[in-house]
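To keep things clear, I will list the structure first and then write my remarks on it.
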Amino acid sequence: MKQEQQVKHEIHPWSLVENSFQPEDYCLNATLFSLGNGYIGLRGAFEEGYEPEPFTDGCYLNGVYASEPISYGESAYGYARNNQRMLTVPDGKSIHIWIDGERFSLAEGELINYERHLDISTAISKRTLTWRSPHGKTIELTAQRLVSLSEKHLLIVSLEITPLDFDGEIRLQSRLDGDLAQADRSDDPRIASPIDSGDIEWLESTADGDYLALPLFVKSSGFSICSGALHHCESNNDFTSSNLRSEDCVSVDYRFSAHRNTPIRLTKYVAYFAEQNKAPLTASQVQNYLQRCARNSFTEHAQAQHLEMKNFWRESDIQVSGNDALQQGIRFNLFHLFQSLGRDGRTNIAAKGLSGDGYDGHYFWDTEIYVLPFFLYTQPQLAKGLLEYRHSILESARSRARQMAIQKGALFPWRTIGGEECSAYYPAGTAQYHINADIAYAVRNYCRVTGDTDFLRDKGAEVVIEGARMWMETGHFNPRRNNQFCINEVTGPDEYTALVDNNFYTNLMARAHLEYAEEVFQWLQSFDPEACQTLVKKIQLESEEPANWARAAEAMYLPFDKSEGIHPQDDGFLNKPVWNFAETPEEKYPLLLNYHPLVIYRHQVCKQADVVLGLLLQSSEFSVEQKRRDFDFYEPLTTHDSTLSACIHSIIASEVGYPEKALSYFQQVARMDLDNHHNNTQHGIHTACMGGTWMCMVQGFAGMRLHGNELNFNPYVPEGMDGYRFRLQFRGRTLALEIDRPQASYTLVSGEAITLYHGEEVVMLSTAGQKQTFQMAAMEEVS
């Protein structure tokens with residue numbers, strides 16, 4: 001239903017290159033060339049700006065937001081009351097340029113040559129160009145930038161300008177610009193709306209020689225933010241400097257008496273600090289921080305950046321042979337995940353990462369189901385931080401449960417930043433109660449993969465148990481279904497089917513959640529009776545509750561239709577007419593932008609994987625034959641209007657014997673943002689889809705499943721590549737897998753002995769460096 005997009009950039013396995021200026025793709029490239037470090041996110045807009053596209057700029061701080069009341073035409077009890085929007089903070093990269101009085105802009109003059117290069121091995125971007133002004137003055141410009149991975153609060157811009165055919169004045173106005181970039185208002189729910197400028201209180205700014213500071217206070221959320229910039233000039237030309245200051249912008253203005261072929265260099269060190277309901281850093285403290293950072297040149301910071309990325313890629317890279325387009329897509333996606341991820345246990349990863357303010361910068365279930373697996377098996381300490389974030393908002397989740405008439409436990413918000421439910425459309429938001437089970441699923445996998453019993457005792461158990469208590473009040477033992485446990489009026493992952501009874505995915509995941517909660521409680525009683533008693537007292541857990549969880553899990557109702565041999569998505573799904581796909585024109589996709597929700601809800605049509613996702617997450621519960629029947633039924637009904645969908649279909653297609661479909665879906669996933677398949681990457685990347693790239697490779701083509709505490713693999717090489725390599729972390733061990741068409745090899749790189757499975761064959765690796773190789777049969781397409 002979707003047409004393939006043309007490849008927009010040259011294919012380079014380790015980089016993204018724009019080899020000619022593409023003004024029509026300026027917004028898209030502002031996303032693709034974004035940089036971040038998990039705290040700061042900086043869109044790839046130009047330092048000098050680009051006037052035809054004023055709303056493409058943006059710098060963001062993970063977890064920093066403004067709050068505002070949600071306006072309803074018709075409200076009701078329990079609706080989400082406030083929205084939280086990721087804040088665009090003052091633009092620190094801004095450097096306006098004049099060449100002998102003419103403002104430098106690629107919208108004017110003659111662009112003689114141009115190249116922009118994002119090196120994803122080092123996380124540094126570089127733009128080089130030669131430009132002739134309308135009055136015939138020619139310059140060569142090189143701009144580099146990095147968002148430091150070793151200094152949380154720091155980004156650096158390096159600018160070099162050389163006049164080629166004239167002597168004259170070159171003026172650089174370096175700014176901290178608080179004219180915060182805002183998106184236009186839109187009916188598209190995926191796009192952010194503007195923030196009320198009256199919510200920002202500008203505090204006393206500083207413009208003192210080479211140092212600038214612009215503090216502000218966000219009234220609605222209590223965030224104090226201080227941005228600062230320190231400059232270092234290198235030039236054999238004489239220059240003067242002066243400062244300019246207004247309420248929301250401070251700058252230092254350099255005027256150089258430039259000579260032809262004599263370069264001018266400016267290095268700009270920019271820092272951001274934010275505190276909520278605490279005393280902010282002072283301008284002098286920020287200045288001290290920047291002075292320390294400025295002791296090292298851009299080159300020295302770049303070397304430190306390279307080292308950080310080298311460590312990341314050593315453990316996280318997936319090497320693909322025989323397909324550079326897929327190789328580029330995979331690395332680009334993993335790179336953006338790494339630079340978007342919160343690292344402090346108090347922040348998470350937004351649906352758009354730190355590359356744009358789409359979805360208002362909210363965190364979703366995407367984290368636990370689509371993003372966390374990559375970090376869990378490659379950077380487990382970072383995965384832990386994501387789960388610690390859920391524990392940090394547990395009190396808000398308890399409050400939300402009470403608002404929803406749930407007297408015990410917690411209900412996690414569908415979309416949030418600071419912990420409060422921000423979903424204004426409850427049928428596709430609050431009703432997705434499965435988020436509780438998704439979080440518990442992630443905790444279980446984290447503990448199984450890492451063996452981290454301290455986390456489970458101190459935080460994980462509370463998250464799992466409080467989340468499980470909610471099911472006992474949301475569901476009920478239904479006498480009309482032989483007292484099976486049923487859950488009514490919920491929405492599953494498929495947002496084109498809302499407020500249903502017994503959504504298969506929700507019931508399946510709730511069953512696993514209840515079983516795990518009972519298991520965790522019993523474990524905690526045995527492992528640390530004192531900690532168990534402390535938790536029981538804290539949450540007022542009654543003695544009969546764990547047994548009730550086990551009883552509900554055992555009695556859980558899972559819809560199944562014997563005549564079709566498939567799992568209905570919910571009790572009413574098969575009673576609806578199938579959507580008329582044949583007469584739906586291409587321009588009517590995605591459906592959510594062209595049809596009222598009620599029109600969509602009354603049909604058999606899926607936005608994304610729902611039942612099919614359940615088959616993956618609870619893989620051992622179903623035979624391959626059952627998975628194939630369900631896949632065959634739901635695939636034709638699925639529009640994949642959500643970028644969360646194609647990766648799941650690719651993985652299950654691999655498992656059930658459809659390698660051509662698996663590859664086709666994966667090709668969409670791997671280059672979803674690079675080639676803008678959904679035509680909205682200009683508003684930010686799709687982090688869940690990027691996580692799905694890793695899942696397709698490791699869980700799809702390599703067939704990895706975690707059964708209990710054992711790793712199982714069933715690998716093959718699809719026709720679109722010659723082979724692939726990757727590493728995994730598992731319980732303190734590092735494993736390396738090499739999958740080629742004739743054989744698969746498993747190596748214990750470090751750590752203690754391990755037993756795993758290659759299909760039905762046992763793989764026993766006892767010492768570091770030991771390798772076992774197995775011959776592979778070709779994957780045959782199931783007819």
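In the structure tokens, chains take the letters A, B, ... in the order shown, each chain's residues start at 1, and ligands count up from 1 in the order shown.
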
Quick one: everything within 7 Å of Arg343 in chain A, counting only C-alpha atoms, minus sequence neighbours fewer than 3 positions away in the same chain. Send it as a VMD selection string.
chain A and resid 38 347 382 385

Writing out the chosen residues with N, CA, C and O atoms as a PDB file, in the first residue's frame:
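Saved file again-v1.pdb follows:
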ATOM      1  N   GLY A  38      21.969  12.105  24.676  1.00  0.00           N
ATOM      2  CA  GLY A  38      21.037  11.589  25.669  1.00  0.00           C
ATOM      3  C   GLY A  38      20.460  12.665  26.559  1.00  0.00           C
ATOM      4  O   GLY A  38      19.421  12.455  27.192  1.00  0.00           O
ATOM      5  N   THR A 347      15.326  10.085  33.075  1.00  0.00           N
ATOM      6  CA  THR A 347      14.824  10.406  31.747  1.00  0.00           C
ATOM      7  C   THR A 347      14.784   9.143  30.914  1.00  0.00           C
ATOM      8  O   THR A 347      15.364   8.122  31.273  1.00  0.00           O
ATOM      9  N   LEU A 382      22.753   0.942  30.302  1.00  0.00           N
ATOM     10  CA  LEU A 382      21.830   1.944  29.770  1.00  0.00           C
ATOM     11  C   LEU A 382      20.394   1.431  29.813  1.00  0.00           C
ATOM     12  O   LEU A 382      19.454   2.197  30.069  1.00  0.00           O
ATOM     13  N   GLY A 385      18.879   2.040  33.193  1.00  0.00           N
ATOM     14  CA  GLY A 385      18.420   3.402  33.429  1.00  0.00           C
ATOM     15  C   GLY A 385      17.008   3.632  32.933  1.00  0.00           C
ATOM     16  O   GLY A 385      16.242   4.395  33.539  1.00  0.00           O
TER      17      GLY A 385
END

Near His758 in chain A, within 9 Å and counting only C-alpha atoms, which residues show up once chain neighbours fewer than 6 positions away are dropped, as a list in words?
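Once the nearby chain positions are removed, what remains is Leu711, Asn712, Phe713, Asn714, Pro715, Ala744 and Phe774 of chain A.
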
Include N, CA, C and O atoms and write out the residues we just selected as a short mmCIF file (atom, residue, chain, number, x, y, z; two decimals), in the first residue's frame.
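Listed below is the output, part_27.cif:
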data_model
loop_
_atom_site.label_atom_id
_atom_site.label_comp_id
_atom_site.auth_asym_id
_atom_site.auth_seq_id
_atom_site.Cartn_x
_atom_site.Cartn_y
_atom_site.Cartn_z
N LEU A 711 19.51 -18.85 25.90
CA LEU A 711 19.45 -18.24 24.58
C LEU A 711 19.33 -19.33 23.51
O LEU A 711 20.05 -20.32 23.53
N ASN A 712 18.41 -19.09 22.59
CA ASN A 712 18.20 -20.01 21.48
C ASN A 712 18.32 -19.22 20.17
O ASN A 712 17.79 -18.12 20.06
N PHE A 713 18.98 -19.83 19.17
CA PHE A 713 19.14 -19.18 17.87
C PHE A 713 18.72 -20.14 16.76
O PHE A 713 18.90 -21.35 16.86
N ASN A 714 18.16 -19.57 15.73
CA ASN A 714 17.79 -20.34 14.54
C ASN A 714 18.08 -19.47 13.32
O ASN A 714 17.18 -18.97 12.66
N PRO A 715 19.36 -19.25 13.00
CA PRO A 715 19.73 -18.22 12.03
C PRO A 715 19.62 -18.65 10.57
O PRO A 715 19.67 -19.84 10.23
N ALA A 744 27.13 -20.99 10.65
CA ALA A 744 26.96 -20.05 11.76
C ALA A 744 27.99 -20.38 12.82
O ALA A 744 28.17 -21.55 13.17
N PHE A 774 28.56 -24.29 12.97
CA PHE A 774 27.53 -25.23 12.53
C PHE A 774 27.17 -24.94 11.08
O PHE A 774 27.09 -23.78 10.66
#

Write out as a count of residues only which residues come within 8 Å of Gly614 in chain A when counting only C-alpha atoms, dropping same-chain ones fewer than 6 positions away.
4

Show me, as a CSV table (one decimal) with N, CA and C atoms, in the first residue's frame, the residues that have an atom within 10 Å of Ile652 in chain A when counting only C-alpha atoms, minus same-chain residues fewer than 5 positions from it.
chain,number,residue,atom,x,y,z
A,612,VAL,N,0.0,-10.3,16.1
A,612,VAL,CA,1.3,-10.7,15.6
A,612,VAL,C,2.5,-10.3,16.6
A,613,LEU,N,2.3,-9.2,17.3
A,613,LEU,CA,3.3,-8.8,18.3
A,613,LEU,C,3.3,-9.7,19.5
A,615,LEU,N,2.5,-12.8,19.5
A,615,LEU,CA,3.2,-14.1,19.1
A,615,LEU,C,4.7,-14.0,19.2
A,616,LEU,N,5.3,-12.8,19.1
A,616,LEU,CA,6.7,-12.6,19.2
A,616,LEU,C,7.1,-12.6,20.7
A,619,SER,N,6.6,-16.0,22.6
A,619,SER,CA,6.9,-16.9,21.5
A,619,SER,C,6.7,-18.3,21.9
A,624,VAL,N,4.8,-22.9,15.6
A,624,VAL,CA,5.1,-22.2,14.3
A,624,VAL,C,3.9,-22.2,13.4
A,627,LYS,N,1.5,-19.6,14.6
A,627,LYS,CA,2.0,-18.3,14.2
A,627,LYS,C,1.8,-18.0,12.7
A,628,ARG,N,1.9,-19.0,11.9
A,628,ARG,CA,1.8,-18.8,10.5
A,628,ARG,C,0.3,-18.5,10.1
A,631,PHE,N,-0.4,-15.0,11.3
A,631,PHE,CA,0.3,-14.0,10.4
A,631,PHE,C,-0.4,-13.9,9.0
A,647,CYS,N,8.7,-4.0,11.4
A,647,CYS,CA,9.7,-4.8,12.1
A,647,CYS,C,9.1,-6.1,12.7
A,657,GLY,N,8.7,-19.0,7.9
A,657,GLY,CA,9.1,-19.5,6.6
A,657,GLY,C,8.8,-18.6,5.4
A,658,TYR,N,8.7,-17.3,5.6
A,658,TYR,CA,8.5,-16.3,4.5
A,658,TYR,C,9.7,-15.4,4.4
A,659,PRO,N,10.9,-15.9,4.0
A,659,PRO,CA,12.1,-15.0,4.0
A,659,PRO,C,12.0,-13.8,3.1
A,661,LYS,N,9.3,-12.0,2.4
A,661,LYS,CA,8.5,-11.0,3.1
A,661,LYS,C,9.4,-10.4,4.2
A,662,ALA,N,10.1,-11.3,4.9
A,662,ALA,CA,10.9,-10.8,6.0
A,662,ALA,C,11.9,-9.7,5.5
A,696,CYS,N,14.9,-7.0,14.1
A,696,CYS,CA,14.8,-7.8,12.8
A,696,CYS,C,16.1,-8.6,12.6
A,699,GLN,N,16.5,-11.0,16.3
A,699,GLN,CA,15.4,-11.9,16.6
A,699,GLN,C,14.8,-12.4,15.3
A,700,GLY,N,14.9,-11.7,14.2
A,700,GLY,CA,14.4,-12.2,13.0
A,700,GLY,C,15.3,-13.1,12.2
A,701,PHE,N,16.4,-12.5,11.6
A,701,PHE,CA,17.3,-13.4,10.8
A,701,PHE,C,18.1,-14.3,11.6
A,703,GLY,N,17.1,-15.4,14.6
A,703,GLY,CA,16.2,-16.2,15.3
A,703,GLY,C,16.4,-16.3,16.7

Pick from A:Glu421, A:Asp458, A:Glu140, A:Glu74, whichever lies nearest to Phe527 in chain A using only C-alpha atoms:
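Answer, going by the shortest atom-to-atom distance: A:Asp458.
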
Would you write out, as JSON lines, a table of all residues in range 108-174 of chain A that have an atom no more than 8 Å from an atom of range 259-276 of chain A, listing for each the closest atom pair and the distance in Å to one decimal, considering only C-alpha atoms and ordering rows by chain and rising residue number?
{"residue": "A:His153", "atom": "CA", "partner": "A:Ala271", "partner_atom": "CA", "distance": 5.2}
{"residue": "A:Leu154", "atom": "CA", "partner": "A:Ala271", "partner_atom": "CA", "distance": 4.6}
{"residue": "A:Leu155", "atom": "CA", "partner": "A:Val270", "partner_atom": "CA", "distance": 5.3}
{"residue": "A:Ile156", "atom": "CA", "partner": "A:Tyr269", "partner_atom": "CA", "distance": 4.7}
{"residue": "A:Val157", "atom": "CA", "partner": "A:Lys268", "partner_atom": "CA", "distance": 5.1}
{"residue": "A:Ser158", "atom": "CA", "partner": "A:Thr267", "partner_atom": "CA", "distance": 4.5}
{"residue": "A:Leu159", "atom": "CA", "partner": "A:Leu266", "partner_atom": "CA", "distance": 5.2}
{"residue": "A:Glu160", "atom": "CA", "partner": "A:Arg265", "partner_atom": "CA", "distance": 4.4}
{"residue": "A:Ile161", "atom": "CA", "partner": "A:Ile264", "partner_atom": "CA", "distance": 5.2}
{"residue": "A:Thr162", "atom": "CA", "partner": "A:Pro263", "partner_atom": "CA", "distance": 4.3}
{"residue": "A:Pro163", "atom": "CA", "partner": "A:Arg260", "partner_atom": "CA", "distance": 4.7}
{"residue": "A:Leu164", "atom": "CA", "partner": "A:Arg260", "partner_atom": "CA", "distance": 5.1}
{"residue": "A:Asp165", "atom": "CA", "partner": "A:Arg260", "partner_atom": "CA", "distance": 5.7}
{"residue": "A:Phe166", "atom": "CA", "partner": "A:Arg260", "partner_atom": "CA", "distance": 5.3}
{"residue": "A:Asp167", "atom": "CA", "partner": "A:His259", "partner_atom": "CA", "distance": 4.5}
{"residue": "A:Gly168", "atom": "CA", "partner": "A:His259", "partner_atom": "CA", "distance": 6.7}

Just the residues within 7 Å of range 393-399 of chain A, please, counting only C-alpha atoms, with nothing from its chain fewer than 5 positions along; format it as a PyMOL selection string.
chain A and resi 409-413+419-420

Go ahead and write the selection's residues with N, CA, C and O atoms as a compact mmCIF listing (two decimals), in the first residue's frame.
# COMPACT_ATOMS: atom_id res chain seq x y z
N GLY A 409 -2.40 -0.50 43.58
CA GLY A 409 -1.43 -0.61 42.51
C GLY A 409 -1.26 0.66 41.72
O GLY A 409 -1.58 1.76 42.17
N ALA A 410 -0.78 0.50 40.49
CA ALA A 410 -0.38 1.64 39.67
C ALA A 410 -0.82 1.42 38.23
O ALA A 410 -0.90 0.29 37.75
N LEU A 411 -1.11 2.52 37.55
CA LEU A 411 -1.40 2.51 36.12
C LEU A 411 -0.44 3.50 35.46
O LEU A 411 -0.55 4.71 35.66
N PHE A 412 0.51 2.98 34.69
CA PHE A 412 1.50 3.85 34.09
C PHE A 412 0.88 4.69 32.97
O PHE A 412 -0.03 4.23 32.27
N PRO A 413 1.36 5.91 32.80
CA PRO A 413 0.79 6.79 31.78
C PRO A 413 1.13 6.30 30.38
O PRO A 413 2.22 5.77 30.14
N GLY A 419 5.83 12.04 34.26
CA GLY A 419 5.10 11.04 35.01
C GLY A 419 3.60 11.19 34.94
O GLY A 419 2.86 10.24 35.19
N GLU A 420 3.11 12.36 34.61
CA GLU A 420 1.67 12.61 34.54
C GLU A 420 1.12 12.14 33.20
O GLU A 420 1.77 12.31 32.16
